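Reproduced below: coords.pdb, with PDB, C-alpha atoms, pLDDT in the B column.
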```pdb
ATOM      1  CA  MET J1178      41.166 -60.866  23.434  1.00 91.00           C
ATOM      2  CA  ARG J1179      39.821 -58.467  26.031  1.00 95.00           C
ATOM      3  CA  VAL J1180      38.879 -54.998  24.787  1.00 96.00           C
ATOM      4  CA  TYR J1181      37.630 -52.019  26.749  1.00 97.00           C
ATOM      5  CA  ILE J1182      34.871 -49.976  25.129  1.00 97.00           C
ATOM      6  CA  PRO J1183      34.376 -46.442  26.463  1.00 97.00           C
ATOM      7  CA  THR J1184      30.819 -45.192  26.784  1.00 97.00           C
ATOM      8  CA  THR J1185      28.498 -43.230  29.068  1.00 96.00           C
ATOM      9  CA  LEU J1186      25.501 -44.226  31.188  1.00 96.00           C
ATOM     10  CA  PRO J1187      23.072 -43.240  28.384  1.00 96.00           C
ATOM     11  CA  GLY J1188      25.264 -45.191  25.941  1.00 96.00           C
ATOM     12  CA  LEU J1189      25.133 -48.208  28.225  1.00 97.00           C
ATOM     13  CA  ALA J1190      21.340 -47.862  28.408  1.00 96.00           C
ATOM     14  CA  GLU J1191      21.134 -47.817  24.603  1.00 96.00           C
ATOM     15  CA  ALA J1192      23.363 -50.903  24.382  1.00 96.00           C
ATOM     16  CA  HIS J1193      21.222 -52.693  26.957  1.00 96.00           C
ATOM     17  CA  LYS J1194      18.056 -51.890  25.013  1.00 96.00           C
ATOM     18  CA  ALA J1195      19.591 -52.905  21.656  1.00 96.00           C
ATOM     19  CA  GLY J1196      21.407 -55.933  23.061  1.00 95.00           C
ATOM     20  CA  GLU J1197      24.667 -54.784  21.506  1.00 95.00           C
ATOM     21  CA  LEU J1198      27.351 -52.134  21.650  1.00 95.00           C
ATOM     22  CA  GLY J1199      27.352 -50.196  18.421  1.00 91.00           C
ATOM     23  CA  PRO J1200      27.015 -48.925  15.831  1.00 91.00           C
ATOM     24  CA  ALA J1201      30.194 -50.114  14.168  1.00 90.00           C
ATOM     25  CA  PRO J1202      32.937 -49.234  13.803  1.00 92.00           C
ATOM     26  CA  LEU J1203      33.634 -48.975  17.521  1.00 94.00           C
ATOM     27  CA  ASN J1204      36.718 -47.466  19.079  1.00 93.00           C
ATOM     28  CA  ALA J1205      38.039 -49.476  21.996  1.00 95.00           C
ATOM     29  CA  PHE J1206      41.272 -50.075  23.881  1.00 95.00           C
ATOM     30  CA  ALA J1207      43.306 -53.234  24.356  1.00 94.00           C
ATOM     31  CA  VAL J1208      46.797 -54.470  25.043  1.00 92.00           C
ATOM     32  CA  THR J1209      48.491 -53.605  21.742  1.00 89.00           C
ATOM     33  CA  PRO J1210      52.201 -53.876  20.903  1.00 85.00           C
ATOM     34  CA  ALA J1211      52.547 -50.094  21.274  1.00 84.00           C
ATOM     35  CA  LEU J1212      50.891 -50.172  24.713  1.00 85.00           C
ATOM     36  CA  ARG J1213      53.241 -52.988  25.761  1.00 85.00           C
ATOM     37  CA  GLU J1214      56.257 -51.003  24.610  1.00 83.00           C
ATOM     38  CA  TRP J1215      55.080 -47.817  26.309  1.00 82.00           C
ATOM     39  CA  TYR J1216      54.133 -49.475  29.598  1.00 81.00           C
ATOM     40  CA  VAL J1217      57.234 -51.698  29.696  1.00 78.00           C
ATOM     41  CA  SER J1218      55.681 -54.586  31.564  1.00 77.00           C
ATOM     42  CA  ASP J1219      55.069 -58.255  30.938  1.00 81.00           C
ATOM     43  CA  ASP J1220      52.351 -58.454  33.592  1.00 88.00           C
ATOM     44  CA  ILE J1221      49.098 -58.889  31.643  1.00 90.00           C
ATOM     45  CA  GLU J1222      46.988 -57.593  34.544  1.00 91.00           C
ATOM     46  CA  GLU J1223      48.990 -54.355  34.638  1.00 92.00           C
ATOM     47  CA  LEU J1224      48.740 -54.017  30.865  1.00 93.00           C
ATOM     48  CA  GLU J1225      44.988 -54.601  30.888  1.00 94.00           C
ATOM     49  CA  TYR J1226      44.637 -52.021  33.658  1.00 94.00           C
ATOM     50  CA  ALA J1227      46.532 -49.561  31.451  1.00 92.00           C
ATOM     51  CA  ALA J1228      44.116 -50.301  28.577  1.00 94.00           C
ATOM     52  CA  LEU J1229      41.151 -49.847  30.946  1.00 96.00           C
ATOM     53  CA  THR J1230      42.590 -46.498  32.046  1.00 94.00           C
ATOM     54  CA  ARG J1231      42.920 -45.394  28.417  1.00 93.00           C
ATOM     55  CA  ALA J1232      39.265 -46.336  27.859  1.00 96.00           C
ATOM     56  CA  ALA J1233      38.251 -44.339  30.957  1.00 96.00           C
ATOM     57  CA  GLN J1234      40.044 -41.324  29.483  1.00 94.00           C
ATOM     58  CA  ALA J1235      38.072 -41.802  26.247  1.00 95.00           C
ATOM     59  CA  SER J1236      34.847 -42.031  28.258  1.00 96.00           C
ATOM     60  CA  LEU J1237      35.747 -38.688  29.853  1.00 96.00           C
ATOM     61  CA  ARG J1238      35.986 -37.218  26.346  1.00 95.00           C
ATOM     62  CA  LEU J1239      32.502 -38.534  25.587  1.00 95.00           C
ATOM     63  CA  LEU J1240      31.232 -36.833  28.747  1.00 96.00           C
ATOM     64  CA  ALA J1241      32.899 -33.563  27.734  1.00 95.00           C
ATOM     65  CA  GLY J1242      31.011 -33.700  24.445  1.00 92.00           C
ATOM     66  CA  ASP J1243      27.611 -34.016  26.127  1.00 92.00           C
ATOM     67  CA  PRO J1244      27.356 -31.840  29.257  1.00 87.00           C
ATOM     68  CA  GLY J1245      23.745 -32.849  29.934  1.00 89.00           C
ATOM     69  CA  ILE J1246      24.468 -36.444  30.935  1.00 92.00           C
ATOM     70  CA  ALA J1247      25.505 -38.006  34.246  1.00 92.00           C
ATOM     71  CA  ARG J1248      29.182 -37.335  34.909  1.00 95.00           C
ATOM     72  CA  ARG J1249      30.327 -40.901  35.468  1.00 96.00           C
ATOM     73  CA  ARG J1250      32.858 -42.620  33.233  1.00 97.00           C
ATOM     74  CA  VAL J1251      31.741 -46.007  31.902  1.00 98.00           C
ATOM     75  CA  VAL J1252      33.850 -48.737  30.309  1.00 98.00           C
ATOM     76  CA  VAL J1253      32.534 -52.095  29.110  1.00 98.00           C
ATOM     77  CA  ALA J1254      35.067 -54.944  29.161  1.00 98.00           C
ATOM     78  CA  VAL J1255      34.344 -57.382  26.339  1.00 96.00           C
ATOM     79  CA  ASP J1256      35.963 -60.574  25.134  1.00 94.00           C
ATOM     80  CA  VAL J1257      36.218 -60.743  21.352  1.00 93.00           C
ATOM     81  CA  PRO J1258      37.965 -63.163  18.986  1.00 90.00           C
ATOM     82  CA  ASP J1259      41.602 -62.199  18.369  1.00 84.00           C
ATOM     83  CA  GLY J1260      40.967 -61.037  14.795  1.00 85.00           C
ATOM     84  CA  ALA J1261      37.971 -58.856  15.701  1.00 88.00           C
ATOM     85  CA  ALA J1262      40.054 -55.890  16.860  1.00 88.00           C
ATOM     86  CA  SER J1263      42.407 -54.127  14.491  1.00 90.00           C
ATOM     87  CA  TYR J1264      45.000 -51.536  15.376  1.00 84.00           C
ATOM     88  CA  ASP J1265      47.133 -49.170  13.360  1.00 79.00           C
ATOM     89  CA  PRO J1266      50.830 -49.884  13.989  1.00 74.00           C
ATOM     90  CA  ASP J1267      51.662 -46.525  12.380  1.00 71.00           C
ATOM     91  CA  HIS J1268      50.336 -44.794  15.485  1.00 65.00           C
ATOM     92  CA  GLY J1269      53.455 -46.033  17.252  1.00 61.00           C
ATOM     93  CA  LEU J1270      53.856 -44.406  20.632  1.00 63.00           C
ATOM     94  CA  ASP J1271      51.532 -41.472  19.983  1.00 67.00           C
ATOM     95  CA  PRO J1272      50.189 -40.815  23.499  1.00 70.00           C
ATOM     96  CA  ALA J1273      46.742 -39.964  22.129  1.00 72.00           C
ATOM     97  CA  THR J1274      46.265 -43.391  20.552  1.00 80.00           C
ATOM     98  CA  LEU J1275      48.109 -45.835  22.815  1.00 86.00           C
ATOM     99  CA  GLY J1276      46.125 -49.053  23.055  1.00 91.00           C
ATOM    100  CA  GLU J1277      43.458 -47.887  20.624  1.00 93.00           C
ATOM    101  CA  VAL J1278      41.808 -50.561  18.505  1.00 94.00           C
ATOM    102  CA  ARG J1279      38.844 -50.591  16.161  1.00 94.00           C
ATOM    103  CA  LEU J1280      36.030 -53.111  16.095  1.00 94.00           C
ATOM    104  CA  ALA J1281      34.408 -53.479  12.666  1.00 94.00           C
ATOM    105  CA  GLU J1282      31.174 -55.058  13.909  1.00 93.00           C
ATOM    106  CA  PRO J1283      28.709 -54.245  16.687  1.00 93.00           C
ATOM    107  CA  ILE J1284      29.445 -56.323  19.786  1.00 94.00           C
ATOM    108  CA  PRO J1285      26.665 -58.363  21.414  1.00 94.00           C
ATOM    109  CA  LEU J1286      26.269 -57.200  24.996  1.00 94.00           C
ATOM    110  CA  GLY J1287      26.234 -60.875  25.977  1.00 92.00           C
ATOM    111  CA  ARG J1288      29.989 -60.916  25.298  1.00 93.00           C
ATOM    112  CA  ALA J1289      30.600 -58.352  28.002  1.00 95.00           C
ATOM    113  CA  ALA J1290      32.669 -59.660  30.886  1.00 96.00           C
ATOM    114  CA  ALA J1291      32.076 -56.669  33.181  1.00 97.00           C
ATOM    115  CA  VAL J1292      31.159 -53.019  33.335  1.00 98.00           C
ATOM    116  CA  HIS J1293      33.375 -50.451  35.059  1.00 98.00           C
ATOM    117  CA  VAL J1294      31.687 -47.258  36.302  1.00 98.00           C
ATOM    118  CA  ASP J1295      32.637 -44.329  38.505  1.00 97.00           C
ATOM    119  CA  SER J1296      30.980 -44.221  41.906  1.00 95.00           C
ATOM    120  CA  SER J1297      28.574 -41.370  42.539  1.00 92.00           C
ATOM    121  CA  ASP J1298      31.273 -39.911  44.834  1.00 94.00           C
ATOM    122  CA  ALA J1299      33.442 -39.265  41.762  1.00 95.00           C
ATOM    123  CA  GLU J1300      30.857 -37.183  39.895  1.00 94.00           C
ATOM    124  CA  GLY J1301      32.165 -33.801  41.105  1.00 95.00           C
ATOM    125  CA  ASP J1302      35.757 -34.496  40.073  1.00 96.00           C
ATOM    126  CA  VAL J1303      34.710 -36.171  36.814  1.00 96.00           C
ATOM    127  CA  SER J1304      32.442 -33.236  35.969  1.00 96.00           C
ATOM    128  CA  ALA J1305      35.245 -30.752  36.649  1.00 96.00           C
ATOM    129  CA  ALA J1306      37.624 -32.870  34.545  1.00 96.00           C
ATOM    130  CA  ALA J1307      35.180 -33.026  31.629  1.00 96.00           C
ATOM    131  CA  ASP J1308      34.703 -29.248  31.796  1.00 95.00           C
ATOM    132  CA  ALA J1309      38.486 -28.648  31.883  1.00 95.00           C
ATOM    133  CA  LEU J1310      39.394 -31.076  29.107  1.00 93.00           C
ATOM    134  CA  GLY J1311      39.485 -28.518  26.288  1.00 92.00           C
ATOM    135  CA  ALA J1312      41.763 -26.176  28.229  1.00 96.00           C
ATOM    136  CA  ALA J1313      43.991 -29.092  29.244  1.00 94.00           C
ATOM    137  CA  ASP J1314      44.321 -30.137  25.605  1.00 91.00           C
ATOM    138  CA  ALA J1315      45.348 -26.553  24.808  1.00 94.00           C
ATOM    139  CA  GLY J1316      48.199 -26.775  27.321  1.00 93.00           C
ATOM    140  CA  ASP J1317      46.705 -25.227  30.460  1.00 96.00           C
ATOM    141  CA  GLU J1318      48.553 -26.904  33.347  1.00 96.00           C
ATOM    142  CA  ASP J1319      45.883 -26.090  35.950  1.00 96.00           C
ATOM    143  CA  ALA J1320      43.259 -27.677  33.700  1.00 95.00           C
ATOM    144  CA  ARG J1321      45.525 -30.721  33.213  1.00 94.00           C
ATOM    145  CA  PHE J1322      45.731 -31.062  37.005  1.00 95.00           C
ATOM    146  CA  THR J1323      41.914 -30.995  37.178  1.00 95.00           C
ATOM    147  CA  VAL J1324      41.624 -33.617  34.425  1.00 94.00           C
ATOM    148  CA  ASP J1325      44.157 -35.828  36.186  1.00 93.00           C
ATOM    149  CA  GLY J1326      42.027 -35.544  39.328  1.00 91.00           C
ATOM    150  CA  ALA J1327      39.392 -37.771  37.732  1.00 93.00           C
ATOM    151  CA  GLU J1328      41.978 -40.545  37.529  1.00 90.00           C
ATOM    152  CA  ASP J1329      42.281 -40.495  41.307  1.00 91.00           C
ATOM    153  CA  HIS J1330      38.928 -42.315  41.303  1.00 95.00           C
ATOM    154  CA  GLU J1331      39.031 -46.011  40.554  1.00 94.00           C
ATOM    155  CA  LEU J1332      36.229 -47.313  38.379  1.00 97.00           C
ATOM    156  CA  LEU J1333      34.037 -49.793  40.216  1.00 97.00           C
ATOM    157  CA  TRP J1334      33.482 -53.290  38.832  1.00 97.00           C
ATOM    158  CA  TYR J1335      29.957 -54.473  38.066  1.00 97.00           C
ATOM    159  CA  ALA J1336      28.717 -57.799  36.747  1.00 96.00           C
ATOM    160  CA  THR J1337      26.736 -57.561  33.530  1.00 94.00           C
ATOM    161  CA  GLN J1338      23.621 -58.659  35.438  1.00 95.00           C
ATOM    162  CA  GLU J1339      23.843 -55.346  37.305  1.00 96.00           C
ATOM    163  CA  ILE J1340      23.464 -53.209  34.166  1.00 96.00           C
ATOM    164  CA  PRO J1341      19.708 -52.631  34.721  1.00 94.00           C
ATOM    165  CA  SER J1342      20.377 -51.149  38.175  1.00 94.00           C
ATOM    166  CA  LEU J1343      23.198 -48.967  36.778  1.00 93.00           C
ATOM    167  CA  ILE J1344      21.011 -47.453  34.072  1.00 92.00           C
ATOM    168  CA  GLY J1345      17.749 -47.500  36.044  1.00 83.00           C
TER     169      GLY J1345
END
```

Step by step, read the file and then write its structure as structure tokens.
Amino acid sequence: MRVYIPTTLPGLAEAHKAGELGPAPLNAFAVTPALREWYVSDDIEELEYAALTRAAQASLRLLAGDPGIARRRVVVAVDVPDGAASYDPDHGLDPATLGEVRLAEPIPLGRAAAVHVDSSDAEGDVSAAADALGAADAGDEDARFTVDGAEDHELLWYATQEIPSLIG
């Protein structure tokens, strides 16, 4: 099963140093039954992209919580055994938790399939989105527009061998 773990560049650096993503439990995103129902597609690539997008949104929340770090969303795509990720079916179609899963154990970084990171060109929009997140959550439509602006930037794909240059 492919899961998408949201993090930040400093978080990725810590994982690289430790050799694992952790500590457990880890929140991640995957193609869950609720995500399938919400997205209404049988195309696994589309569904995985939706899970990746949800993880990017969670990474933005991490950035909002730490204004001193580089404003680039980071998502690590990891393959785990099917039973390693659990999800709460009671969440149903709650937009805040669509695709959310929990990993009970730290994940060896060697299981990572890829890393997805914003380009440096996205930093201005991502920074503005992180700063506006609280107001958007409170219902401010202008702030929501700013937050949505970060999603106009596609995350770039990096091989795991490129992690040292990303965090360097």

Selection result of the PyMOL selection byres ((chain J and resi 1325) around 10) on this file, as a list in words: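 With the PyMOL selection byres ((chain J and resi 1325) around 10) on this model, the match is Gln1234, Asp1302, Val1303, Ala1306, Leu1310, Ala1313, Asp1319, Ala1320, Arg1321, Phe1322, Thr1323, Val1324, Gly1326, Ala1327, Glu1328, Asp1329 and His1330 of chain J.
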
Shortest interatomic distance to Pro1283 (chain J) - which of J:Val1180, J:Val1217, J:Leu1198, J:Ala1190, counting only C-alpha atoms: J:Leu1198

Residues in the PyMOL selection byres ((chain J and resi 1231-1233) around 9), expressed as a PyMOL selection string: chain J and resi 1181-1184+1205-1207+1226-1230+1234-1238+1250-1253+1274-1277+1293-1294+1328+1332

Chain and number of each residue from the PyMOL selection byres ((chain J and resi 1263-1267) around 8), as a list in words: Thr1209, Ala1211, Gly1260, Ala1261, Ala1262, His1268, Gly1269, Glu1277, Val1278, Arg1279 and Leu1280 of chain J

One-decimal distance in Å that lies between CA of Ala1201 (chain J) and CA of Leu1333 (chain J):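 Distance reported for this atom pair: 26.3 Å.
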
Straight-line distance linking CA of Pro1202 (chain J) with CA of Glu1222 (chain J), stated in Å to one decimal: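 Distance between the two atoms: 26.4 Å.
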
To box region 1259-1265 of chain J, take all atoms listed in the file, fit an axis-aligned box, add 5 Å on each side, and give centre and edge lengths in Å to one decimal, as JSON.
```
{"center_x": 42.6, "center_y": -55.7, "center_z": 15.9, "size_x": 19.2, "size_y": 23.0, "size_z": 15.0}
```

Nearest candidate to Gly1196 (chain J) (options J:Ala1254, J:Met1178, J:Leu1286, J:Ile1344; using all atoms listed in the file):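 Looking at the shortest contact to Gly1196 (chain J), the residue is J:Leu1286.
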
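Among the candidates J:Asp1256, J:Glu1225, J:Glu1197, J:Glu1331, the one nearest to Asp1298 (chain J) when counting all atoms listed in the file is J:Glu1331.
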
Atomic distance CA of Glu1223 (chain J) - CA of Pro1210 (chain J), expressed in Å with one decimal: 14.1 Å
